[in-house]
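J.: Okay, here's the structure, questions in a sec.
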Amino acid sequence: MKKDNSFSAVMARKAEIIKAAVGVDYAQFESGSIAFDYEAMMASTGYSLEDVIGILRSYAIGNTPLIELKNITALVQKISKSGCGARIFIKDEAANPSGSFKVRRAATSVYQAKRMGYPGAIAATSGNYGAAVASCCAKSGLSCIVVQECYDSRGVGQPEIIEKARKCEALGAEVVQLTVGPELFYTVLRMLEDTKYFNASLYSAFGVIGIETLGWELVQQCRKQLGKDPDAVVCTNAGGGNLTGTARGLLKAGCHAKVVAASVDLHGLHMASDAQFNKKSFTTGHTGFGMPFSTWPDRSDVPRSAARPLRYMDRYVTLTQGEVFYTTELLARLEGIERGPAGNTSLAAAISLAQELPQDAVVVVQETEYTGAGKHGAAQLSFARQNGVKVSLGDPRDEVPGESIVLPAHPSLLCAVDADLDHMRRSLITHAASTVDHAPTDGDVAFLAADTKTSEAFVRDALKQ
Amino acid sequence: MAKKGDWVRIHSVVLAPDERSGALPEDTKRVPLELWTKGYLSADAKLGEEVSVTTRTGRIVSGTLSDEAPHYAHSFGDFVPELQKAGDDAFKFLFGGDTK
């Protein structure tokens, strides 16, 4: 009998396809209500932090430099009130084989795929993760398919995504490119079913434990280079795995630095809109992913996401597109380091946050990414102009996503804006409550308090509203 | 005319508008979900013809022949004067007016 490959039939087979393609039975972690055993799921990989570091070393990943941005710090001190302007350090993750931190996530997944005898791996991503999985598959002798959301209905592709396709192909992957729409997941499910490849999900425990090494490593470097722990670590936030893994690594190193999430503000743009797809100049690290994946992590391609950023987040700030392009220019012009725009979202946040902290405080920006044709400020701003977006120098507060990009006319105009974290936490709690047809149990309340880094009293109060 | 075994790009419609997910904005609902991939052509064909290819992972995929010997043409874009001025101004602000 021919298999029914209609959208609804394939989506109905989702659970069995994912189970076969990740090799994990998520039912074992479930409580039967809202709560599930997150730590048991994270431990189910069977790999300790030391094991993961060993796996990463075998792919030549990690040990990236922690660089003090002395000129940017001097600039920050020049615009801060007296005595303020913390030291800013950046973890140069672009030095990894695939050009970004994402390869830490890919390595554990691909290593597991190889070990379990899968013939290849599939990654659904328009971002650096595709190149990361392709890089690890190349080294492991596995086949690799990367599925991207790349074009609008005119066939016009985002330059940043096209560059990533090139890089994936350069590393040996087959790249499948789609027009806008969440049915990318449907396409991936069909391919997983046909190829029997591993689903190198960004949201499985394998996709997150690799990042723990990044948090752990930066603490060791701070202790060695500075003799102290960082005061704040800033993570660009989209799907939440970067922040989750980094924060877990900090804790494993015994470091209690404030964990700050940073996303590019794309409010008002619908991520599944064909007409708005090419009106945005960032394809990752933005609020279009960051907000929904923080407030409801289990919307991902696995039943329970290992990326649960609200568990670890102390603060969430947003930056405008113009502020991030400007920061990218500052990094090149003042530090002589040219790195890709999206990964500099957290640096833009750090420039703002450092102004609130004393000069002996240490702020670590935990990533950079490679830059190149298409994936570059000039390429992306030119593309924005071609798509009717006005580009100017001025006050970034005047920027309207999809209509304008305003580069700060002066560094003092760059200012991270706080998101209402408690509102986001309440949103997660009430959404979780809506998924069951009974009152949340005591176990659920304890789980939600941990899942939102709040207290049981906070959860009970949120449930009342 | 592309020859059997040539490296080509193909295009197909994965879902027609009426087959798509219900949860879509109106503008996306009106258009199909389209797909492009690349592979080695299974038989001689002209652009626009229905063909099948063998991809790099060995999958056999059908679609319309859209490009022969596809290459990348993305670039660093046009000159963006605002970006250069922003960088130069920040340099002068930090190091003073003398940029030597």
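Labeling convention for the structure tokens: chains A, B, ... as they appear, residues from 1 per chain, ligands from 1 in order of appearance.
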With a cut-off of 9 Å and counting only C-alpha atoms, select all residues of chain B in contact with chain A and give the selection as a ChimeraX atom specification.
T.: /B:14-15,19-21,23-29,31-39,55-57,59,72,74-80,82-91,93-94
J.: Could you give me, as a PDB file with N, CA and C atoms, in the first residue's frame, the residues within 8 Å of range 350-367 of chain A, counting only C-alpha atoms and dropping anything in the same chain fewer than 6 positions from it?
T.:
ATOM      1  N   ILE A  72      36.631  48.767  22.683  1.00  0.00           N
ATOM      2  CA  ILE A  72      35.180  48.913  22.872  1.00  0.00           C
ATOM      3  C   ILE A  72      34.896  49.236  24.343  1.00  0.00           C
ATOM      4  N   THR A  73      35.641  48.610  25.250  1.00  0.00           N
ATOM      5  CA  THR A  73      35.477  48.940  26.669  1.00  0.00           C
ATOM      6  C   THR A  73      35.808  50.418  26.917  1.00  0.00           C
ATOM      7  N   VAL A  76      32.978  52.444  25.790  1.00  0.00           N
ATOM      8  CA  VAL A  76      31.871  52.345  26.747  1.00  0.00           C
ATOM      9  C   VAL A  76      32.149  53.243  27.955  1.00  0.00           C
ATOM     10  N   GLN A  77      33.397  53.227  28.434  1.00  0.00           N
ATOM     11  CA  GLN A  77      33.725  54.042  29.614  1.00  0.00           C
ATOM     12  C   GLN A  77      33.602  55.533  29.300  1.00  0.00           C
ATOM     13  N   ILE A  79      31.386  56.879  27.489  1.00  0.00           N
ATOM     14  CA  ILE A  79      29.981  57.328  27.467  1.00  0.00           C
ATOM     15  C   ILE A  79      29.234  56.934  28.747  1.00  0.00           C
ATOM     16  N   SER A  80      29.934  56.289  29.698  1.00  0.00           N
ATOM     17  CA  SER A  80      29.278  55.876  30.948  1.00  0.00           C
ATOM     18  C   SER A  80      29.450  56.962  31.995  1.00  0.00           C
ATOM     19  N   LYS A  81      28.612  56.887  33.060  1.00  0.00           N
ATOM     20  CA  LYS A  81      28.831  57.813  34.169  1.00  0.00           C
ATOM     21  C   LYS A  81      30.120  57.406  34.884  1.00  0.00           C
ATOM     22  N   GLY A  83      33.151  56.034  36.796  1.00  0.00           N
ATOM     23  CA  GLY A  83      33.368  54.771  37.518  1.00  0.00           C
ATOM     24  C   GLY A  83      32.695  53.579  36.874  1.00  0.00           C
ATOM     25  N   CYS A  84      31.855  53.826  35.886  1.00  0.00           N
ATOM     26  CA  CYS A  84      31.154  52.714  35.223  1.00  0.00           C
ATOM     27  C   CYS A  84      31.776  52.399  33.871  1.00  0.00           C
ATOM     28  N   GLY A  85      31.417  51.240  33.357  1.00  0.00           N
ATOM     29  CA  GLY A  85      31.938  50.760  32.075  1.00  0.00           C
ATOM     30  C   GLY A  85      32.748  49.497  32.296  1.00  0.00           C
ATOM     31  N   ALA A  86      32.040  48.365  32.403  1.00  0.00           N
ATOM     32  CA  ALA A  86      32.688  47.085  32.709  1.00  0.00           C
ATOM     33  C   ALA A  86      33.587  46.632  31.560  1.00  0.00           C
ATOM     34  N   ARG A  87      34.527  45.759  31.901  1.00  0.00           N
ATOM     35  CA  ARG A  87      35.399  45.167  30.880  1.00  0.00           C
ATOM     36  C   ARG A  87      34.595  44.159  30.051  1.00  0.00           C
ATOM     37  N   ILE A  88      34.699  44.273  28.736  1.00  0.00           N
ATOM     38  CA  ILE A  88      33.940  43.375  27.848  1.00  0.00           C
ATOM     39  C   ILE A  88      34.904  42.382  27.192  1.00  0.00           C
ATOM     40  N   PHE A  89      34.568  41.123  27.310  1.00  0.00           N
ATOM     41  CA  PHE A  89      35.335  40.043  26.686  1.00  0.00           C
ATOM     42  C   PHE A  89      34.445  39.309  25.690  1.00  0.00           C
ATOM     43  N   ILE A  90      35.068  38.774  24.646  1.00  0.00           N
ATOM     44  CA  ILE A  90      34.286  38.025  23.663  1.00  0.00           C
ATOM     45  C   ILE A  90      34.924  36.663  23.438  1.00  0.00           C
ATOM     46  N   LYS A  91      34.078  35.662  23.386  1.00  0.00           N
ATOM     47  CA  LYS A  91      34.542  34.301  23.124  1.00  0.00           C
ATOM     48  C   LYS A  91      34.490  34.112  21.617  1.00  0.00           C
ATOM     49  N   ASP A  92      35.658  33.950  21.000  1.00  0.00           N
ATOM     50  CA  ASP A  92      35.718  33.969  19.532  1.00  0.00           C
ATOM     51  C   ASP A  92      35.362  32.600  18.942  1.00  0.00           C
ATOM     52  N   GLU A  93      34.089  32.317  19.010  1.00  0.00           N
ATOM     53  CA  GLU A  93      33.593  31.010  18.554  1.00  0.00           C
ATOM     54  C   GLU A  93      33.675  30.835  17.037  1.00  0.00           C
ATOM     55  N   ALA A  94      33.901  31.935  16.326  1.00  0.00           N
ATOM     56  CA  ALA A  94      34.090  31.817  14.876  1.00  0.00           C
ATOM     57  C   ALA A  94      35.332  30.983  14.558  1.00  0.00           C
ATOM     58  N   SER A 100      31.219  28.817  13.852  1.00  0.00           N
ATOM     59  CA  SER A 100      30.326  29.308  14.913  1.00  0.00           C
ATOM     60  C   SER A 100      30.275  28.315  16.071  1.00  0.00           C
ATOM     61  N   PHE A 101      29.671  28.765  17.181  1.00  0.00           N
ATOM     62  CA  PHE A 101      29.514  27.889  18.351  1.00  0.00           C
ATOM     63  C   PHE A 101      28.600  26.710  18.071  1.00  0.00           C
ATOM     64  N   LEU A 214      30.803  25.301  26.416  1.00  0.00           N
ATOM     65  CA  LEU A 214      31.093  26.716  26.165  1.00  0.00           C
ATOM     66  C   LEU A 214      31.034  27.508  27.472  1.00  0.00           C
ATOM     67  N   GLY A 215      29.986  27.255  28.254  1.00  0.00           N
ATOM     68  CA  GLY A 215      29.875  27.938  29.550  1.00  0.00           C
ATOM     69  C   GLY A 215      31.012  27.533  30.478  1.00  0.00           C
ATOM     70  N   LEU A 218      34.444  29.084  29.277  1.00  0.00           N
ATOM     71  CA  LEU A 218      34.673  30.524  29.468  1.00  0.00           C
ATOM     72  C   LEU A 218      34.946  30.849  30.934  1.00  0.00           C
ATOM     73  N   ASP A 229      35.684  35.117  38.340  1.00  0.00           N
ATOM     74  CA  ASP A 229      34.570  34.706  37.483  1.00  0.00           C
ATOM     75  C   ASP A 229      33.955  35.929  36.802  1.00  0.00           C
ATOM     76  N   PRO A 230      33.281  35.708  35.668  1.00  0.00           N
ATOM     77  CA  PRO A 230      32.566  36.838  35.059  1.00  0.00           C
ATOM     78  C   PRO A 230      31.384  37.261  35.929  1.00  0.00           C
ATOM     79  N   ASP A 231      30.995  38.522  35.808  1.00  0.00           N
ATOM     80  CA  ASP A 231      29.817  39.008  36.536  1.00  0.00           C
ATOM     81  C   ASP A 231      28.544  38.782  35.730  1.00  0.00           C
ATOM     82  N   ALA A 232      28.666  38.866  34.423  1.00  0.00           N
ATOM     83  CA  ALA A 232      27.499  38.637  33.558  1.00  0.00           C
ATOM     84  C   ALA A 232      27.959  37.939  32.284  1.00  0.00           C
ATOM     85  N   VAL A 233      27.134  37.046  31.799  1.00  0.00           N
ATOM     86  CA  VAL A 233      27.390  36.381  30.517  1.00  0.00           C
ATOM     87  C   VAL A 233      26.192  36.666  29.627  1.00  0.00           C
ATOM     88  N   VAL A 234      26.470  37.183  28.433  1.00  0.00           N
ATOM     89  CA  VAL A 234      25.386  37.560  27.530  1.00  0.00           C
ATOM     90  C   VAL A 234      25.306  36.562  26.385  1.00  0.00           C
ATOM     91  N   CYS A 235      24.114  36.045  26.141  1.00  0.00           N
ATOM     92  CA  CYS A 235      23.889  35.043  25.099  1.00  0.00           C
ATOM     93  C   CYS A 235      22.849  35.542  24.106  1.00  0.00           C
ATOM     94  N   GLY A 343      25.520  37.129  15.241  1.00  0.00           N
ATOM     95  CA  GLY A 343      26.178  36.708  16.473  1.00  0.00           C
ATOM     96  C   GLY A 343      26.601  37.869  17.355  1.00  0.00           C
ATOM     97  N   ASN A 344      26.590  39.078  16.788  1.00  0.00           N
ATOM     98  CA  ASN A 344      26.988  40.251  17.572  1.00  0.00           C
ATOM     99  C   ASN A 344      25.823  40.888  18.332  1.00  0.00           C
ATOM    100  N   LEU A 414      23.069  53.765  21.574  1.00  0.00           N
ATOM    101  CA  LEU A 414      22.832  52.310  21.610  1.00  0.00           C
ATOM    102  C   LEU A 414      22.327  51.946  23.006  1.00  0.00           C
ATOM    103  N   CYS A 415      21.153  51.347  23.088  1.00  0.00           N
ATOM    104  CA  CYS A 415      20.567  51.085  24.406  1.00  0.00           C
ATOM    105  C   CYS A 415      19.699  49.828  24.386  1.00  0.00           C
ATOM    106  N   ALA A 416      20.128  48.806  25.122  1.00  0.00           N
ATOM    107  CA  ALA A 416      19.330  47.579  25.227  1.00  0.00           C
ATOM    108  C   ALA A 416      18.043  47.886  25.969  1.00  0.00           C
TER     109      ALA A 416
END
J.: Enumerate, as an NGL selection string, the complete set of residues in range 58-305 of chain A that a backbone-based DSSP assignment places in strand (DSSP E).
T.: :A and (66-68 or 87-91 or 120-124 or 143-151 or 174-179 or 198-199 or 232-236 or 258-264)
J.: Keeping N, CA and C atoms for every residue in the selection just given, could you write it to a file as a short mmCIF file (atom, residue, chain, number, x, y, z; two decimals), in the first residue's frame?
T.:
data_model
loop_
_atom_site.label_atom_id
_atom_site.label_comp_id
_atom_site.auth_asym_id
_atom_site.auth_seq_id
_atom_site.Cartn_x
_atom_site.Cartn_y
_atom_site.Cartn_z
N LEU A 66 39.35 33.73 24.43
CA LEU A 66 38.53 34.72 25.12
C LEU A 66 39.31 36.04 25.00
N ILE A 67 38.75 36.96 24.24
CA ILE A 67 39.49 38.18 23.87
C ILE A 67 38.90 39.39 24.61
N GLU A 68 39.77 40.16 25.23
CA GLU A 68 39.29 41.40 25.86
C GLU A 68 39.15 42.48 24.79
N ARG A 87 34.53 45.76 31.90
CA ARG A 87 35.40 45.17 30.88
C ARG A 87 34.59 44.16 30.05
N ILE A 88 34.70 44.27 28.74
CA ILE A 88 33.94 43.37 27.85
C ILE A 88 34.90 42.38 27.19
N PHE A 89 34.57 41.12 27.31
CA PHE A 89 35.33 40.04 26.69
C PHE A 89 34.45 39.31 25.69
N ILE A 90 35.07 38.77 24.65
CA ILE A 90 34.29 38.03 23.66
C ILE A 90 34.92 36.66 23.44
N LYS A 91 34.08 35.66 23.39
CA LYS A 91 34.54 34.30 23.12
C LYS A 91 34.49 34.11 21.62
N GLY A 120 23.28 8.79 8.17
CA GLY A 120 23.45 10.22 7.95
C GLY A 120 22.63 11.02 8.95
N ALA A 121 22.70 12.34 8.80
CA ALA A 121 21.96 13.21 9.70
C ALA A 121 21.24 14.28 8.89
N ILE A 122 20.08 14.68 9.40
CA ILE A 122 19.31 15.77 8.78
C ILE A 122 19.19 16.90 9.79
N ALA A 123 19.41 18.12 9.31
CA ALA A 123 19.23 19.28 10.18
C ALA A 123 18.28 20.25 9.49
N ALA A 124 17.29 20.72 10.23
CA ALA A 124 16.35 21.71 9.72
C ALA A 124 16.79 23.05 10.25
N SER A 143 26.54 10.95 5.73
CA SER A 143 25.84 11.82 4.79
C SER A 143 25.09 12.88 5.57
N CYS A 144 24.79 13.99 4.90
CA CYS A 144 24.15 15.11 5.59
C CYS A 144 23.18 15.82 4.67
N ILE A 145 21.99 16.07 5.18
CA ILE A 145 21.00 16.89 4.45
C ILE A 145 20.63 18.07 5.33
N VAL A 146 20.69 19.27 4.76
CA VAL A 146 20.28 20.47 5.48
C VAL A 146 19.05 21.04 4.77
N VAL A 147 18.00 21.26 5.54
CA VAL A 147 16.76 21.80 4.97
C VAL A 147 16.59 23.23 5.47
N GLN A 148 16.47 24.16 4.53
CA GLN A 148 16.42 25.59 4.86
C GLN A 148 15.11 26.23 4.41
N GLU A 149 14.62 27.16 5.19
CA GLU A 149 13.60 28.10 4.72
C GLU A 149 14.39 29.26 4.15
N CYS A 150 14.30 29.48 2.84
CA CYS A 150 15.27 30.38 2.19
C CYS A 150 14.65 31.46 1.32
N TYR A 151 13.53 31.15 0.66
CA TYR A 151 13.00 32.06 -0.36
C TYR A 151 11.58 32.53 -0.06
N GLU A 174 23.94 17.90 1.24
CA GLU A 174 22.88 18.16 0.28
C GLU A 174 21.99 19.23 0.91
N VAL A 175 21.75 20.31 0.18
CA VAL A 175 20.92 21.39 0.73
C VAL A 175 19.58 21.42 0.01
N VAL A 176 18.52 21.37 0.79
CA VAL A 176 17.17 21.45 0.26
C VAL A 176 16.61 22.79 0.72
N GLN A 177 16.19 23.60 -0.27
CA GLN A 177 15.73 24.95 0.07
C GLN A 177 14.24 25.08 -0.18
N LEU A 178 13.56 25.74 0.74
CA LEU A 178 12.11 25.87 0.67
C LEU A 178 11.69 27.33 0.69
N THR A 179 10.45 27.55 0.27
CA THR A 179 9.86 28.88 0.47
C THR A 179 9.34 28.96 1.91
N PHE A 198 19.44 10.29 11.08
CA PHE A 198 19.30 10.84 12.43
C PHE A 198 18.75 12.26 12.33
N ASN A 199 17.83 12.61 13.23
CA ASN A 199 17.34 13.99 13.29
C ASN A 199 18.27 14.77 14.21
N ALA A 232 28.67 38.87 34.42
CA ALA A 232 27.50 38.64 33.56
C ALA A 232 27.96 37.94 32.28
N VAL A 233 27.13 37.05 31.80
CA VAL A 233 27.39 36.38 30.52
C VAL A 233 26.19 36.67 29.63
N VAL A 234 26.47 37.18 28.43
CA VAL A 234 25.39 37.56 27.53
C VAL A 234 25.31 36.56 26.38
N CYS A 235 24.11 36.04 26.14
CA CYS A 235 23.89 35.04 25.10
C CYS A 235 22.85 35.54 24.11
N THR A 236 23.15 35.47 22.82
CA THR A 236 22.13 35.75 21.82
C THR A 236 21.09 34.64 21.91
N LYS A 258 25.38 36.46 36.26
CA LYS A 258 24.05 36.74 35.73
C LYS A 258 24.00 36.30 34.28
N VAL A 259 22.93 35.63 33.90
CA VAL A 259 22.77 35.15 32.53
C VAL A 259 21.78 36.07 31.82
N VAL A 260 22.27 36.75 30.80
CA VAL A 260 21.45 37.73 30.09
C VAL A 260 21.19 37.25 28.67
N ALA A 261 19.93 37.23 28.29
CA ALA A 261 19.55 36.89 26.92
C ALA A 261 19.45 38.16 26.09
N ALA A 262 19.84 38.07 24.83
CA ALA A 262 19.72 39.23 23.94
C ALA A 262 19.16 38.78 22.60
N SER A 263 18.15 39.48 22.11
CA SER A 263 17.59 39.18 20.79
C SER A 263 17.40 40.47 20.00
N VAL A 264 17.43 40.32 18.68
CA VAL A 264 17.14 41.45 17.80
C VAL A 264 15.62 41.66 17.79
#
J.: Between CA of Gly63 in chain B and CA of Arg190 in chain A, what distance in Å does the model show, to one decimal?
T.: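 Taking CA of Gly63 in chain B as the start and CA of Arg190 in chain A as the end point, the length is 16.4 Å.
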J.: Name the residues of chain B that come out as helix (DSSP H, G or I) in a backbone DSSP run; write them as a list in words.
T.: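 Filtering chain B to helix (DSSP H, G or I) leaves Pro17, Asp18, Glu19, Glu26, Asp27, Thr28, Lys29, Pro81, Glu82, Leu83, Gln84, Lys85, Ala86, Gly87, Asp88, Asp89, Ala90, Phe91, Lys92, Phe93, Leu94 and Phe95 of chain B.
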J.: Please provide the set of residues having any atom within 9 Å of range 42-51 of chain B, restricted to only C-alpha atoms, with same-chain residues fewer than 2 positions apart removed, written as a ChimeraX atom specification.
T.: /B:1-6,10,40,53-54,61-68
J.: Would you mind exporting the chosen residues as a PDB file, in the first residue's frame, restricted to C-alpha atoms?
T.:
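Once everything was written out, this is out11.pdb:
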ATOM      1  CA  MET B   1      20.386  21.206 -23.191  1.00  0.00           C
ATOM      2  CA  ALA B   2      21.700  19.510 -20.064  1.00  0.00           C
ATOM      3  CA  LYS B   3      23.265  16.085 -20.416  1.00  0.00           C
ATOM      4  CA  LYS B   4      22.734  12.996 -18.342  1.00  0.00           C
ATOM      5  CA  GLY B   5      25.086  13.170 -15.349  1.00  0.00           C
ATOM      6  CA  ASP B   6      25.288  16.995 -15.348  1.00  0.00           C
ATOM      7  CA  ILE B  10      15.522  21.333  -9.813  1.00  0.00           C
ATOM      8  CA  TYR B  40      23.086  14.683 -11.104  1.00  0.00           C
ATOM      9  CA  VAL B  53      18.187  13.706 -10.301  1.00  0.00           C
ATOM     10  CA  THR B  54      20.356  11.760  -7.882  1.00  0.00           C
ATOM     11  CA  VAL B  61      14.211  13.355  -6.571  1.00  0.00           C
ATOM     12  CA  SER B  62      11.913  14.628  -9.335  1.00  0.00           C
ATOM     13  CA  GLY B  63      11.162  18.184 -10.347  1.00  0.00           C
ATOM     14  CA  THR B  64      11.462  20.791 -13.073  1.00  0.00           C
ATOM     15  CA  LEU B  65      14.952  21.507 -14.385  1.00  0.00           C
ATOM     16  CA  SER B  66      15.664  25.097 -13.276  1.00  0.00           C
ATOM     17  CA  ASP B  67      19.445  25.611 -13.580  1.00  0.00           C
ATOM     18  CA  GLU B  68      22.380  23.934 -15.282  1.00  0.00           C
TER      19      GLU B  68
END
J.: Just the number, please: distance in Å from CA of Gly62 in chain A to CA of Ala306 in chain A, one decimal.
T.: 21.2 Å
J.: Using only C-alpha atoms, can you tell me which of B:Gly97, B:Pro81, B:Arg30, B:His71 comes closest to Pro17 in chain B?
T.: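 Answer, going by the shortest atom-to-atom distance: B:Arg30.
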J.: Write out as an mmCIF file with C-alpha atoms, in the first residue's frame each polymer residue whose atoms come within 12 Å of range 430-439 of chain A, counting only C-alpha atoms; drop sequence neighbours fewer than 3 positions from it.
T.:
data_model
loop_
_atom_site.group_PDB
_atom_site.id
_atom_site.type_symbol
_atom_site.label_atom_id
_atom_site.label_comp_id
_atom_site.auth_asym_id
_atom_site.auth_seq_id
_atom_site.Cartn_x
_atom_site.Cartn_y
_atom_site.Cartn_z
ATOM 1 C CA GLY A 32 1.383 12.169 32.861
ATOM 2 C CA SER A 33 0.672 15.818 33.591
ATOM 3 C CA ILE A 34 2.503 19.109 32.907
ATOM 4 C CA ALA A 35 5.726 18.100 34.628
ATOM 5 C CA PHE A 36 8.433 15.943 33.099
ATOM 6 C CA PRO A 292 7.871 32.121 21.472
ATOM 7 C CA SER A 294 11.217 31.049 25.620
ATOM 8 C CA THR A 295 7.578 31.184 26.634
ATOM 9 C CA TRP A 296 6.746 27.786 25.146
ATOM 10 C CA PRO A 297 9.849 25.632 24.511
ATOM 11 C CA ASP A 298 7.882 22.502 23.621
ATOM 12 C CA ARG A 299 6.871 23.909 20.229
ATOM 13 C CA HIS A 423 5.272 38.494 31.951
ATOM 14 C CA MET A 424 7.070 35.853 29.873
ATOM 15 C CA ARG A 425 7.260 33.537 32.869
ATOM 16 C CA ARG A 426 3.528 33.913 33.525
ATOM 17 C CA SER A 427 2.884 33.234 29.853
ATOM 18 C CA ASP A 442 1.885 19.929 43.260
ATOM 19 C CA GLY A 443 4.503 18.249 41.075
ATOM 20 C CA ASP A 444 3.488 20.504 38.176
ATOM 21 C CA VAL A 445 3.821 23.620 40.326
ATOM 22 C CA PHE A 447 8.252 21.836 37.826
ATOM 23 C CA LEU A 448 6.926 25.182 36.561
ATOM 24 C CA ALA A 449 8.778 27.057 39.306
ATOM 25 C CA ASP A 451 11.086 25.896 34.435
ATOM 26 C CA THR A 452 10.648 29.647 34.955
ATOM 27 C CA PHE A 458 4.940 32.838 41.862
ATOM 28 C CA VAL A 459 3.533 29.895 39.907
ATOM 29 C CA ARG A 460 0.419 29.624 42.098
ATOM 30 C CA ASP A 461 -0.168 33.345 41.764
ATOM 31 C CA ALA A 462 0.208 33.169 37.971
ATOM 32 C CA LEU A 463 -2.252 30.268 37.831
ATOM 33 C CA LYS A 464 -4.860 32.308 39.688
ATOM 34 C CA GLN A 465 -4.845 35.040 37.044
#
J.: Quick check, in Å to one decimal: how far apart do CA of Asn242 in chain A and CA of Thr213 in chain A lie?
T.: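 That distance, rounded to one decimal, is 11.0 Å.
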